[in-house]
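Structure record follows, encoded as structure tokens.
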Amino acid sequence: MTAATLDRQTEATADHSSPALEAIDVSRTFNVGGGLFSQGKLLRAVENVNLRLRRGEVLGIVGESGSGKTTLSKMLLGLMRPTNGEIRIGGRSINGIGRPELSRLLQPIFQDPYSSLNPRKTIGQIIALPLQTHKSLSSANQTKAVEAMMAQVGLPPRLIHSYPSQLSGGQRQRVAIARALMIQPEILICDEPTSALDVSVQAQILNLLKDLRREFNLTYIFITHDLGILEYIADRVAVMYMGRIVELAPARQLLAEPRHPYSKALLGSVLTPNPHLDLPDLNLGRGFPDPLNPPTGCHFHPRCPQARPDCSTTAPTPKRDAQGLIECHLFDGEAA
Ligand SMILES: Nc1ncnc2c1ncn2[C@@H]1O[C@H](COP(=O)(O)OP(=O)(O)OP(=O)(O)O)[C@@H](O)[C@H]1O
Ligand SMILES: [Mg+2]
């Protein structure tokens with residue numbers, strides 16, 4: 001199949017009026033700690049998540065370690081099946097989309113590109129790999145396409161014959177981005193793509209992702225611990241806590257005026273000296289609960305400075321309003 005036929009075929013199947021990416025009531029549980037004679041316990045890593053991304057939109061996802069961000073991103077990438085619910089791309093269920101087309105529609109960029117770059121292949125070979133499965137180009141044209149993409153992501157041409165071990169962390173992340181963009185995906189799912197990099201390189205990679213978004217009208221899911229990054233790159237932000245989206249709002253609004261007590265605690269944490277490391281102590285008195293024994297009622301209530309008696313007995317239901325989504329009893333009286 002030629003590149004042109006593949007492009008036409010994808011064009012024909014993509015419905016551009018549908019959201020680029022949707023999660024509909026998506027949940028994922030894991031059975032953990034089971035042995036030969038014991039059943040194990042159910043860990044709810046992601047619970048009833050609903051998301052709709054418009055084409056060209058950047059949705060940031062933030063939350064403490066263990067809140068379910070990576071599990072959600074694996075389901076959005078089709079690498080893991082939800083226990084319940086459905087993922088849709090361009091209005092079509094992900095279950096009906098074959099692997100080659102899926103990778104043409106959406107590509108991941110992970111935190112540690114080193115582990116996903118084959119140490120025995122040159123940078124040129126690594127970046128060209130998606131072309132070999134998706135487009136039948138002559139080897140001269142492949143080299144041209146690789147050179148053009150390397151220039152686009154700011155990799156010096158001389159690195160085409162180098163191996164991953166000979167590159168800096170920032171250069172390796174650029175290789176991973178170049179490889180992901182080689183077949184012009186519509187959606188990039190970035191899981192902590194800059195957290196392994198030092199601050200100045202982080203800024204360069206963020207600028208690059210921002211420029212590429214404008215150039216290719218890319219849709220991004222951007223997972224990070226760093227709220228400063230979201231302020232820079234995201235249109236909307238979803239805050240996850242124990243597998244649930246507890247608040248979703250336009251980035252500017254959420255960062256200026258968070259509504260959920262958990263979002264407020266996260267935002268307060270940015271004021272610590274090094275927001276680029278991990279999420280620091282949230283000053284909530286208690287740490288993250290055991291996901292195998294989640295608190296009753298609202299999962300956040302034991303740490304919530306504004307908890308009321310009903311928070312420990314009744315789980316709040318998500319409320320959608322003009323500003324987005326909020327799941328907290330404090331907003332019970334407001335428009336559903
Ligand atoms: N394959 C698995 N088997 C059992 N439990 C899992 C598995 N994958 C994830 N979990 C559990 O699911 C929960 C969510 O994990 P996940 O990796 O999605 O969190 P995260 O938000 O990405 O965290 P981090 O910020 O540390 O990357 C955690 O309690 C984790 O231990
Ligand atoms: Mg993760």
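By convention in this document, the chains of the structure tokens carry letters A, B, ... by their order, each chain's residues are numbered from 1, and ligands are numbered from 1 in the order they are shown.
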Close residues, Gly324 of chain A itself excluded, 10 Å, only C-alpha atoms, min 6 positions apart in chain, as a ChimeraX atom specification: /A:236-238,247-250,254
Same residues, N, CA and C atoms, output as a JSON list (two decimals), in the first residue's frame:
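Just written: out.json:
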```json
[["chain", "number", "residue", "atom", "x", "y", "z"],
["A", 236, "ARG", "N", -7.20, 22.65, 28.83],
["A", 236, "ARG", "CA", -8.02, 22.25, 29.98],
["A", 236, "ARG", "C", -7.19, 21.31, 30.85],
["A", 237, "VAL", "N", -7.57, 21.24, 32.12],
["A", 237, "VAL", "CA", -6.84, 20.36, 33.05],
["A", 237, "VAL", "C", -7.84, 19.46, 33.77],
["A", 238, "ALA", "N", -7.49, 18.16, 33.85],
["A", 238, "ALA", "CA", -8.28, 17.22, 34.65],
["A", 238, "ALA", "C", -7.44, 16.84, 35.86],
["A", 247, "GLU", "N", -11.95, 17.09, 39.33],
["A", 247, "GLU", "CA", -12.24, 18.42, 38.77],
["A", 247, "GLU", "C", -11.68, 18.50, 37.36],
["A", 248, "LEU", "N", -12.44, 19.14, 36.48],
["A", 248, "LEU", "CA", -11.96, 19.36, 35.12],
["A", 248, "LEU", "C", -12.40, 20.77, 34.73],
["A", 249, "ALA", "N", -11.48, 21.58, 34.27],
["A", 249, "ALA", "CA", -11.83, 22.97, 33.96],
["A", 249, "ALA", "C", -10.80, 23.55, 32.99],
["A", 250, "PRO", "N", -11.13, 24.69, 32.35],
["A", 250, "PRO", "CA", -10.11, 25.35, 31.53],
["A", 250, "PRO", "C", -8.86, 25.60, 32.38],
["A", 254, "LEU", "N", -8.65, 26.79, 36.28],
["A", 254, "LEU", "CA", -8.33, 25.84, 37.34],
["A", 254, "LEU", "C", -7.08, 26.26, 38.10]]
```
Residues at most 8 Å from ligand 2, using only C-alpha atoms and all ligand atoms? Could they come as a PyMOL selection string? chain A and resi 65-66+68-71+191-192
Convert the current residue selection to file output with C-alpha atoms, as a PDB file, in the first residue's frame.
```
ATOM      1  CA  SER A  65       1.546   9.216  42.241  1.00  0.00           C
ATOM      2  CA  GLY A  66      -0.840   6.261  42.076  1.00  0.00           C
ATOM      3  CA  GLY A  68      -4.348   6.308  37.840  1.00  0.00           C
ATOM      4  CA  LYS A  69      -2.853   8.602  35.195  1.00  0.00           C
ATOM      5  CA  THR A  70      -0.684   5.998  33.460  1.00  0.00           C
ATOM      6  CA  THR A  71      -3.399   3.339  33.622  1.00  0.00           C
ATOM      7  CA  ASP A 191       3.159  10.655  30.025  1.00  0.00           C
ATOM      8  CA  GLU A 192       5.614  12.843  31.970  1.00  0.00           C
TER       9      GLU A 192
END
```
Pick out the residues no farther than 8 Å from ligand 1, counting only C-alpha atoms and all ligand atoms, and list them as a list of chain:residue names.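 For ligand 1, the residues inside 8 Å are A:Thr29, A:Phe30, A:Asn31, A:Val32, A:Leu43, A:Arg44, A:Ala45, A:Val46, A:Gly63, A:Glu64, A:Ser65, A:Gly66, A:Ser67, A:Gly68, A:Lys69, A:Thr70, A:Thr71, A:Leu72, A:Ser73, A:Thr224, A:His225, A:Met240, A:Met242, A:Gly243, A:Asp290, A:Pro291, A:Leu292.
By only C-alpha atoms, and with residues fewer than 4 positions from Ile183 of chain A along its chain excluded, the set lying at most 7 Å from it is Arg104, Pro130 and Leu131 of chain A.
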Keeping only N, CA and C atoms, take the residues you just selected and write them out as a CSV table (one decimal), in the first residue's frame.
```csv
chain,number,residue,atom,x,y,z
A,104,ARG,N,-1.3,5.0,13.6
A,104,ARG,CA,-1.3,6.2,12.7
A,104,ARG,C,-2.2,7.3,13.3
A,130,PRO,N,8.9,3.6,11.8
A,130,PRO,CA,7.4,3.7,11.5
A,130,PRO,C,7.2,3.8,10.0
A,131,LEU,N,8.1,4.4,9.3
A,131,LEU,CA,7.9,4.5,7.8
A,131,LEU,C,7.9,3.2,7.2
```
Which neighbours of Arg213 of chain A fall inside 12 Å, counting only C-alpha atoms, when residues of the same chain fewer than 6 positions from it are skipped, and could you give them as a PyMOL selection string? chain A and resi 55-58+177+181+184-188+206-207+219-221+233-234
Mind writing the picked residues with C-alpha atoms as a short mmCIF file (atom, residue, chain, number, x, y, z; two decimals), in the first residue's frame?
```cif
data_model
loop_
_atom_site.label_atom_id
_atom_site.label_comp_id
_atom_site.auth_asym_id
_atom_site.auth_seq_id
_atom_site.Cartn_x
_atom_site.Cartn_y
_atom_site.Cartn_z
CA ARG A 55 -9.29 18.12 17.69
CA GLY A 56 -6.25 20.30 18.33
CA GLU A 57 -6.91 20.50 22.07
CA VAL A 58 -4.37 19.91 24.84
CA ILE A 177 9.18 12.75 19.52
CA LEU A 181 5.57 12.17 14.55
CA GLN A 184 1.82 12.12 11.33
CA PRO A 185 -0.45 10.90 14.10
CA GLU A 186 -3.43 13.02 15.08
CA ILE A 187 -3.10 12.51 18.82
CA LEU A 188 -0.05 12.41 21.08
CA LEU A 206 7.90 21.96 25.80
CA ASN A 207 8.45 24.72 23.25
CA THR A 219 -4.39 16.80 19.93
CA TYR A 220 -2.47 16.15 23.16
CA ILE A 221 -3.05 14.41 26.42
CA ILE A 233 0.78 24.02 27.47
CA ALA A 234 -2.75 22.89 28.44
#
```
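With distances restricted to only C-alpha atoms, A:Ala145 is the closest residue to Arg179 of chain A from A:Leu167, A:Ala145, A:Val26, A:Val246.
For the residues A:Cys190, A:Met149, A:Ile205, A:Met182, ranking by smallest atom-to-atom distance to Gly169 of chain A using only C-alpha atoms places A:Ile205 first.
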Rounded to one decimal in Å, what is the spacing between atom CA of Gly34 of chain A and atom CA of Phe110 of chain A?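 According to the coordinates, atom CA of Gly34 of chain A and atom CA of Phe110 of chain A are separated by 29.8 Å.
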